[in-house]
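Undergrad: Sharing a structure below in structure tokens format, with a few things to ask.
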Amino acid sequence: MDARLNPTATVIGPKAMKHVVSADHALAGSTVPRATQELMKIRASQINGCGACLDMHVKEALLAGEDPLRVGLVATWSETTVFTEAERAALELTEQGSRLADGGRVTDEAWAEASRHYDEEQLTALVCVVAVINAFNRVNVMLGIRGGDYEPGHLG
């Protein structure tokens with residue numbers, strides 16, 4: 001199946017998406033480790049069924065030196081022992097923040113656990129990572145943009 005449309009071939013697409021991309025670039029300056037951010041992006045993309053983002057972030061995580069076992073287990077992070085407490089807190093926020101449409105919310109318990117591991121600046125970054133990847137996921141899924149062709153190392 002081909003994508004429904006190419007947003008970069010429209011007038012509004014590049015204008016709107018440059019701001020989402022800029023928001024993502026801003027997160028690179030966070031003290032939240034890149035590995036944690038990539039794991040969060042992978043998990044949100046799994047939840048949202050976004051093959052394009054999953055393709056990109058799995059490849060980027062591996063390129064950055066992430067352990068393939070951890071990448072493979074991120075879908076079942078809560079049932080494994082390979083993630084730190086801080087990463088587990090970030091992944092819980094990712095899951096809860098990505099499932100808001102299911103009638104859920106970010107619980108006080110999840111927020112308190114994240115607050116044990118991250119300061120306010122980092123918590124802001126975590127929230128923004130979830131928001132930005134969910135925006136990318138929604139665009140790609142709505143447009144039918146598929147994964148498989150991403151060349152690692154080309155994050156815009």
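Here, A, B, ... name the chains of the structure tokens in the order displayed, residue numbers run from 1 inside each chain, and ligands are numbered from 1 in the same displayed order.
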So that I can see what lies close to Gln122 of chain A, please list as a PDB file with N, CA and C atoms, in the first residue's frame the residues with an atom at most 7 Å from it, counting only C-alpha atoms and leaving out residues fewer than 6 positions away in the same chain.
TA:
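Below is the file part-v3.pdb, written as the result:
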ATOM      1  N   SER A  30      18.298  17.825  26.141  1.00  0.00           N
ATOM      2  CA  SER A  30      17.884  17.415  27.478  1.00  0.00           C
ATOM      3  C   SER A  30      18.939  16.516  28.116  1.00  0.00           C
ATOM      4  N   THR A  31      18.949  16.487  29.438  1.00  0.00           N
ATOM      5  CA  THR A  31      19.836  15.564  30.148  1.00  0.00           C
ATOM      6  C   THR A  31      19.221  14.178  30.294  1.00  0.00           C
ATOM      7  N   VAL A  32      18.007  13.984  29.779  1.00  0.00           N
ATOM      8  CA  VAL A  32      17.449  12.631  29.715  1.00  0.00           C
ATOM      9  C   VAL A  32      18.283  11.883  28.674  1.00  0.00           C
TER      10      VAL A  32
END
Undergrad: Using only C-alpha atoms, tabulate the residues of segment 20-123 of chain A lying at most 10 Å from any atom of segment 131-147 of chain A, each with its closest atom pair and that distance in Å to one decimal, by chain and increasing residue number, as JSON lines.
TA:
{"residue": "A:Val20", "atom": "CA", "partner": "A:Val132", "partner_atom": "CA", "distance": 6.6}
{"residue": "A:Val21", "atom": "CA", "partner": "A:Val132", "partner_atom": "CA", "distance": 8.4}
{"residue": "A:Ser22", "atom": "CA", "partner": "A:Val132", "partner_atom": "CA", "distance": 9.9}
{"residue": "A:Ala23", "atom": "CA", "partner": "A:Val132", "partner_atom": "CA", "distance": 7.1}
{"residue": "A:Asp24", "atom": "CA", "partner": "A:Val132", "partner_atom": "CA", "distance": 6.5}
{"residue": "A:Leu27", "atom": "CA", "partner": "A:Val132", "partner_atom": "CA", "distance": 9.6}
{"residue": "A:Gln37", "atom": "CA", "partner": "A:Ile133", "partner_atom": "CA", "distance": 9.9}
{"residue": "A:Glu38", "atom": "CA", "partner": "A:Ile133", "partner_atom": "CA", "distance": 10.0}
{"residue": "A:Met40", "atom": "CA", "partner": "A:Ile133", "partner_atom": "CA", "distance": 8.6}
{"residue": "A:Lys41", "atom": "CA", "partner": "A:Ile133", "partner_atom": "CA", "distance": 5.9}
{"residue": "A:Ile42", "atom": "CA", "partner": "A:Ile133", "partner_atom": "CA", "distance": 9.0}
{"residue": "A:Arg43", "atom": "CA", "partner": "A:Ile133", "partner_atom": "CA", "distance": 9.8}
{"residue": "A:Ala44", "atom": "CA", "partner": "A:Asn134", "partner_atom": "CA", "distance": 6.8}
{"residue": "A:Ser45", "atom": "CA", "partner": "A:Asn137", "partner_atom": "CA", "distance": 6.3}
{"residue": "A:Gln46", "atom": "CA", "partner": "A:Asn137", "partner_atom": "CA", "distance": 9.5}
{"residue": "A:Ile47", "atom": "CA", "partner": "A:Asn137", "partner_atom": "CA", "distance": 9.6}
{"residue": "A:Asn48", "atom": "CA", "partner": "A:Asn137", "partner_atom": "CA", "distance": 6.5}
{"residue": "A:Gly49", "atom": "CA", "partner": "A:Val141", "partner_atom": "CA", "distance": 7.3}
{"residue": "A:Cys50", "atom": "CA", "partner": "A:Asn137", "partner_atom": "CA", "distance": 5.4}
{"residue": "A:Gly51", "atom": "CA", "partner": "A:Gly147", "partner_atom": "CA", "distance": 4.5}
{"residue": "A:Ala52", "atom": "CA", "partner": "A:Gly147", "partner_atom": "CA", "distance": 3.6}
{"residue": "A:Cys53", "atom": "CA", "partner": "A:Asn137", "partner_atom": "CA", "distance": 6.5}
{"residue": "A:Leu54", "atom": "CA", "partner": "A:Gly147", "partner_atom": "CA", "distance": 7.2}
{"residue": "A:Asp55", "atom": "CA", "partner": "A:Gly147", "partner_atom": "CA", "distance": 5.3}
{"residue": "A:Met56", "atom": "CA", "partner": "A:Gly147", "partner_atom": "CA", "distance": 7.7}
{"residue": "A:Thr94", "atom": "CA", "partner": "A:Ala131", "partner_atom": "CA", "distance": 9.1}
{"residue": "A:Gly97", "atom": "CA", "partner": "A:Ala131", "partner_atom": "CA", "distance": 7.9}
{"residue": "A:Ser98", "atom": "CA", "partner": "A:Asn134", "partner_atom": "CA", "distance": 6.8}
{"residue": "A:Arg99", "atom": "CA", "partner": "A:Asn134", "partner_atom": "CA", "distance": 9.9}
Undergrad: For Ala112 of chain A, work out the shell of residues within 12 Å, counting only C-alpha atoms and skipping chain neighbours fewer than 3 positions away, then give it as a PyMOL selection string.
TA: chain A and resi 86+89-90+92-93+106-109+115-120+123
Undergrad: If you run DSSP on the backbone, which residues of chain A are alpha helix (DSSP H), as a count of residues only?
TA: 98
Undergrad: Have a look at atom CA of Val74 of chain A and atom CA of Leu91 of chain A and let me know their distance in Å, one decimal.
TA: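 Going from atom CA of Val74 of chain A over to atom CA of Leu91 of chain A covers 8.6 Å.
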Undergrad: Find the residue from A:Ala16, A:Leu5, A:Leu126, A:Ala35 that sits nearest to Ala61 of chain A; use only C-alpha atoms when measuring.
TA: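 When distances to Ala61 of chain A are compared using only C-alpha atoms, the smallest one comes from A:Ala35.
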Undergrad: Which is closest to Glu113 of chain A among A:Arg34, A:Val130, A:Pro152, A:Glu85, if we use only C-alpha atoms?
TA: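 Between A:Arg34, A:Val130, A:Pro152, A:Glu85, the residue approaching Glu113 of chain A most closely is A:Glu85.
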Undergrad: Could you check how far atom CA of Ala64 of chain A sits from atom CA of Glu121 of chain A, in Å to one decimal?
TA: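 Between atom CA of Ala64 of chain A and atom CA of Glu121 of chain A the gap is 23.3 Å.
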Undergrad: So how far away is atom CA of Val71 of chain A from atom CA of Leu39 of chain A, in Å?
TA: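 These atoms are spaced 7.1 Å apart.
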